[in-house]
Each structure stands twice: as C-alpha cells, then as structure tokens.
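Right, one structure below, let's go through it.
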Amino acid sequence: MRKKLKIYLPFVNAGMQETTTYRVNWIFLMLGNVLSCFISYFLWTAIYSSSDNPSMNGFTMPQMVVYIFLMFLTSTLINSGGTYDIGEEIRDGSIAMRILKPVSYNSTFLFQELGNKLMTVCILIVPMVAGVEIVRYNLTDEVQFKILNFLLYILSCVFAYLINFFFNICFGFIAFVIKYLWGANMMKNCIVGFLSGQIIPLAFFPEMVEKIFLLLPFSSLTYTPVMIYMEMYTGTKMLGYMGLQLFWVLFFWGLSKFLWSVSIKHLTVQGG
C-alpha cells in the first residue's frame with residue numbers, strides 16, 4: 001500500500017503545482033462561482049419577498065440563504081474535471097504518454113485532482129464555513145455549528161467527490177469514440193446541476209419527481225451533503241442517503257473499470 005502511494009505522490013504534487021502556477025485562472029473561476037452564488041441569492045430573495053408564505057416546501061428564507069451558500073461551498077469541494085481532461089488529452093494526443101506509464105490510468109487523474117483539491121480545501125474551507133456560520137447566526141441569533149454534523153458533512157462530501165470523479169471519468173471515455181467532448185460536457189454539466197439541486201432544491205419538485213431524483217446519483221453530489229449540514233437529514237434518513245452515496249461510489253468505480261477496458265480498444269491518437 002505504501003509503495004503504491006509513493007508511486008502516485010508525484011501526481012499529487014503535480015496537482016498542487018498546477019493550482020499555484022495557474023492561480024489567476026483559479027481566482028477568476030472562484031469569482032465566477034461567487035457571482036453565480038449571489039445571483040441565486042438575489043433571485044430567491046425576490047421570490048420570498050413576493051410571497052405571503054414565510055416558508056416554501058420546508059425552506060424558510062434564512063434556510064434558503066444558508067442553502068445557497070452551502071451549495072456554492074459543496075460544489076466547489078466536490079468539483080471534478082476528469083471529463084474535460086480526458087477529452088483534451090485525446091484531442092491533442094498527450095494521452096499516449098499517460099497510458100505508457102506503468103500505473104492505473106484512472107488513479108493518475110484521481111491523485112492529480114487530490115493535489116488540486118488539497119489546495120482548494122486549505123484556501124476555502126475555513127473562511128467559507130466561518131462565513132456560512134456567521135450568516136446562520138445573524139439570521140437566527142443562535143450558534144448552530146455542531147462539530148459532529150460538520151464531520152458527517154465532510155464524510156458525505158468525500159463520497160460525493162468520489163461519485164463525481166468516477167462519473168466524470170466514465171463520461172470522459174465517450175471521447176474515445178467521438179474524439180471531442182466540449183459540447184457534450186457543457187450539456188452534461190447543465191443536466192447534473194439541475195438534477196443535483198444546485199439550481200432549485202429538490203424539495204420544490206412534485207413529490208413523485210423528488211423521490212425519483214433522490215434515487216439518482218446526482219442528488220448525492222451536492223444535495224445530500226448540504227441537507228446533512230443543515231440538519232434536514234438526521235438519524236436513519238441521513239444514514240440511508242449516505243449509504244446510497246456509498247452505493248453510487250462503488251457502482252461508478254466498477255463502471256469506470258469496465259468502460260476503460262472497452263474504450264481503450266477504440267482509442268485513436270490525434271496530434272501528439
């Protein structure tokens with residue numbers, strides 16, 4: 001185990017160096033996400049202001065504000081660029097260098113992203129969580145932060161990231177056939193954002209639609225961790241949805257192994 005970790009440590013370092021080298025790009029990406037977050041905030045403020053009901057589908061306005069900012073934090077923590085990276089490597093031919101290495105193709109992406117993720121977590125997690133808790137305190141006049149709840153949220157985010165990573169790897173293998181994934185990736189991101197509750201909380205859908213969406217893997221990406229943090233999932237309900245997350249991790253991990261064995265037979269290197 002230690003020997004395997006030693007093999008993949010250079011990929012972790014590469015991911016960390018990539019974040020620090022292209023830090024201006026990272027900053028602008030975060031600013032874009034923050035802008036999107038505030039647009040959602042003002043939109044929901046207008047919706048609640050025009051309603052006579054202080055609560056909608058189980059969400060009060062203070063809870064919706066917390067939901068919006070937690071969605072931003074969670075989507076940043078679990079973000080994975082595997083689809084884009086695979087598509088680009090196939091397009092420019094650099095994939096040939098990666099598959100020649102005596103290491104697992106999927107694992108090289110995973111450890112490289114972990115390096116990137118470590119930098120993101122170190123920079124964002126403390127100020128963002130502190131910001132969310134300050135907002136919650138200002139809205140409710142009570143300190144609501146609970147360390148156990150936070151740790152369960154982090155564990156749920158780990159599951160969510162692994163689901164997202166292996167799902168994106170599986171989707172990225174389409175590039176072995178269609179060669180260029182930019183348009184398909186944009187469509188995929190829009191669909192996943194909608195089905196994962198990033199745009200509209202799943203509780204706002206009709207009951208039957210909500211139940212279907214909750215069983216899909218996309219609700220496990222951001223909706224489940226956020227609902228755990230907000231204590232809307234507790235007890236057996238929380239364990240059930242975390243168990244569902246674990247199921248999807250194993251499902252997409254196994255699917256990525258199978259699709260790799262199939263897709264590699266269709267690889268045509270361009271450029272390089």
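Convention: chains lettered A, B, ... in structure tokens order; per-chain residue numbering from 1; ligands numbered from 1 as shown.
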
*asked:* Just want the 10 Å neighbourhood of Lys257 of chain A, counted on only C-alpha atoms, with same-chain residues fewer than 6 positions away dropped. Output as a ChimeraX atom specification.
replied: /A:105-106,166,169-170

*Counting only C-alpha atoms, figure out which residue out of A:Thr60, A:Thr76, A:Ser219, A:Ser256 gets nearest to Leu244 of chain A.*
A:Ser219

*If you count only C-alpha atoms, which residues fall within 10 Å of Gly81 of chain A, apart from same-chain ones fewer than 4 positions away, as a PyMOL selection string?*
chain A and resi 85-86+109+113+164-165+168-169+172

*From the list A:Asn13, A:Ile147, A:Ile154, A:Phe173, which residue is nearest Leu114 of chain A when using only C-alpha atoms?*
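Counting only C-alpha atoms, the residue closest to Leu114 of chain A is A:Asn13.
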
*DSSP strand (DSSP E or B) residues within segment 26-207 of chain A, as a list in words*: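 Answer for segment 26-207 of chain A restricted to strand (DSSP E or B) is Ser55, Met56, Phe59 and Thr60 of chain A.
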
Please write the residues from the selection above to a file, keeping N, CA and C atoms, as an mmCIF file, in the first residue's frame.
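The resulting result.cif:
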```cif
data_model
loop_
_atom_site.group_PDB
_atom_site.id
_atom_site.type_symbol
_atom_site.label_atom_id
_atom_site.label_comp_id
_atom_site.auth_asym_id
_atom_site.auth_seq_id
_atom_site.Cartn_x
_atom_site.Cartn_y
_atom_site.Cartn_z
ATOM 1 N N SER A 55 -42.541 30.287 4.521
ATOM 2 C CA SER A 55 -41.869 29.013 4.266
ATOM 3 C C SER A 55 -42.374 28.413 2.959
ATOM 4 N N MET A 56 -41.443 27.897 2.162
ATOM 5 C CA MET A 56 -41.792 27.247 0.904
ATOM 6 C C MET A 56 -41.173 25.864 0.862
ATOM 7 N N PHE A 59 -38.585 25.200 3.394
ATOM 8 C CA PHE A 59 -37.453 26.128 3.475
ATOM 9 C C PHE A 59 -37.956 27.520 3.821
ATOM 10 N N THR A 60 -37.460 28.074 4.932
ATOM 11 C CA THR A 60 -37.688 29.490 5.208
ATOM 12 C C THR A 60 -36.633 30.299 4.458
#
```

Each segment 37-80 of chain A residue no farther than 9 Å from segment 184-199 of chain A, nearest pair in Å, only C-alpha atoms, as a Markdown table:
```
| residue | atom | partner | partner_atom | distance |
| --- | --- | --- | --- | --- |
| A:Ser40 | CA | A:Ile199 | CA | 7.9 |
| A:Ile68 | CA | A:Gln198 | CA | 8.1 |
| A:Met71 | CA | A:Gln198 | CA | 6.3 |
| A:Phe72 | CA | A:Gln198 | CA | 8.2 |
| A:Ser75 | CA | A:Gln198 | CA | 8.1 |
```

*Pairwise distance for atom CA of Gly32 of chain A and atom CA of Leu77 of chain A, rounded to one decimal in Å*: 15.2 Å

Just list as a short mmCIF file (atom, residue, chain, number, x, y, z; two decimals) with C-alpha atoms, in the first residue's frame whatever in segment 143-186 of chain A DSSP marks as alpha helix (DSSP H).
```
data_model
loop_
_atom_site.label_atom_id
_atom_site.label_comp_id
_atom_site.auth_asym_id
_atom_site.auth_seq_id
_atom_site.Cartn_x
_atom_site.Cartn_y
_atom_site.Cartn_z
CA ILE A 147 -18.73 19.54 15.11
CA LEU A 148 -20.32 16.09 14.62
CA ASN A 149 -22.65 17.44 11.96
CA PHE A 150 -19.71 19.12 10.23
CA LEU A 151 -17.67 15.89 10.24
CA LEU A 152 -20.62 13.98 8.75
CA TYR A 153 -20.90 16.69 6.11
CA ILE A 154 -17.21 16.29 5.25
CA LEU A 155 -17.60 12.50 5.02
CA SER A 156 -20.61 12.98 2.75
CA CYS A 157 -18.55 15.39 0.61
CA VAL A 158 -15.83 12.73 0.27
CA PHE A 159 -18.42 10.26 -1.03
CA ALA A 160 -19.86 12.97 -3.28
CA TYR A 161 -16.45 13.79 -4.73
CA LEU A 162 -15.71 10.14 -5.49
CA ILE A 163 -19.10 9.76 -7.20
CA ASN A 164 -18.43 12.88 -9.24
CA PHE A 165 -14.89 11.82 -10.12
CA PHE A 166 -15.77 8.32 -11.33
CA PHE A 167 -18.92 9.56 -13.10
CA ASN A 168 -16.84 12.15 -14.97
CA ILE A 169 -14.23 9.53 -15.83
CA CYS A 170 -16.97 7.29 -17.25
CA PHE A 171 -18.42 10.17 -19.24
CA GLY A 172 -14.95 11.17 -20.42
CA ALA A 175 -14.19 10.89 -26.11
CA PHE A 176 -12.51 7.65 -27.16
CA VAL A 177 -15.33 7.36 -29.70
CA ILE A 178 -16.49 10.91 -30.57
CA TRP A 182 -16.60 20.20 -25.19
CA GLY A 183 -20.26 20.42 -26.27
CA ALA A 184 -21.28 17.13 -24.61
CA ASN A 185 -19.53 18.20 -21.40
CA MET A 186 -21.43 21.52 -21.32
#
```
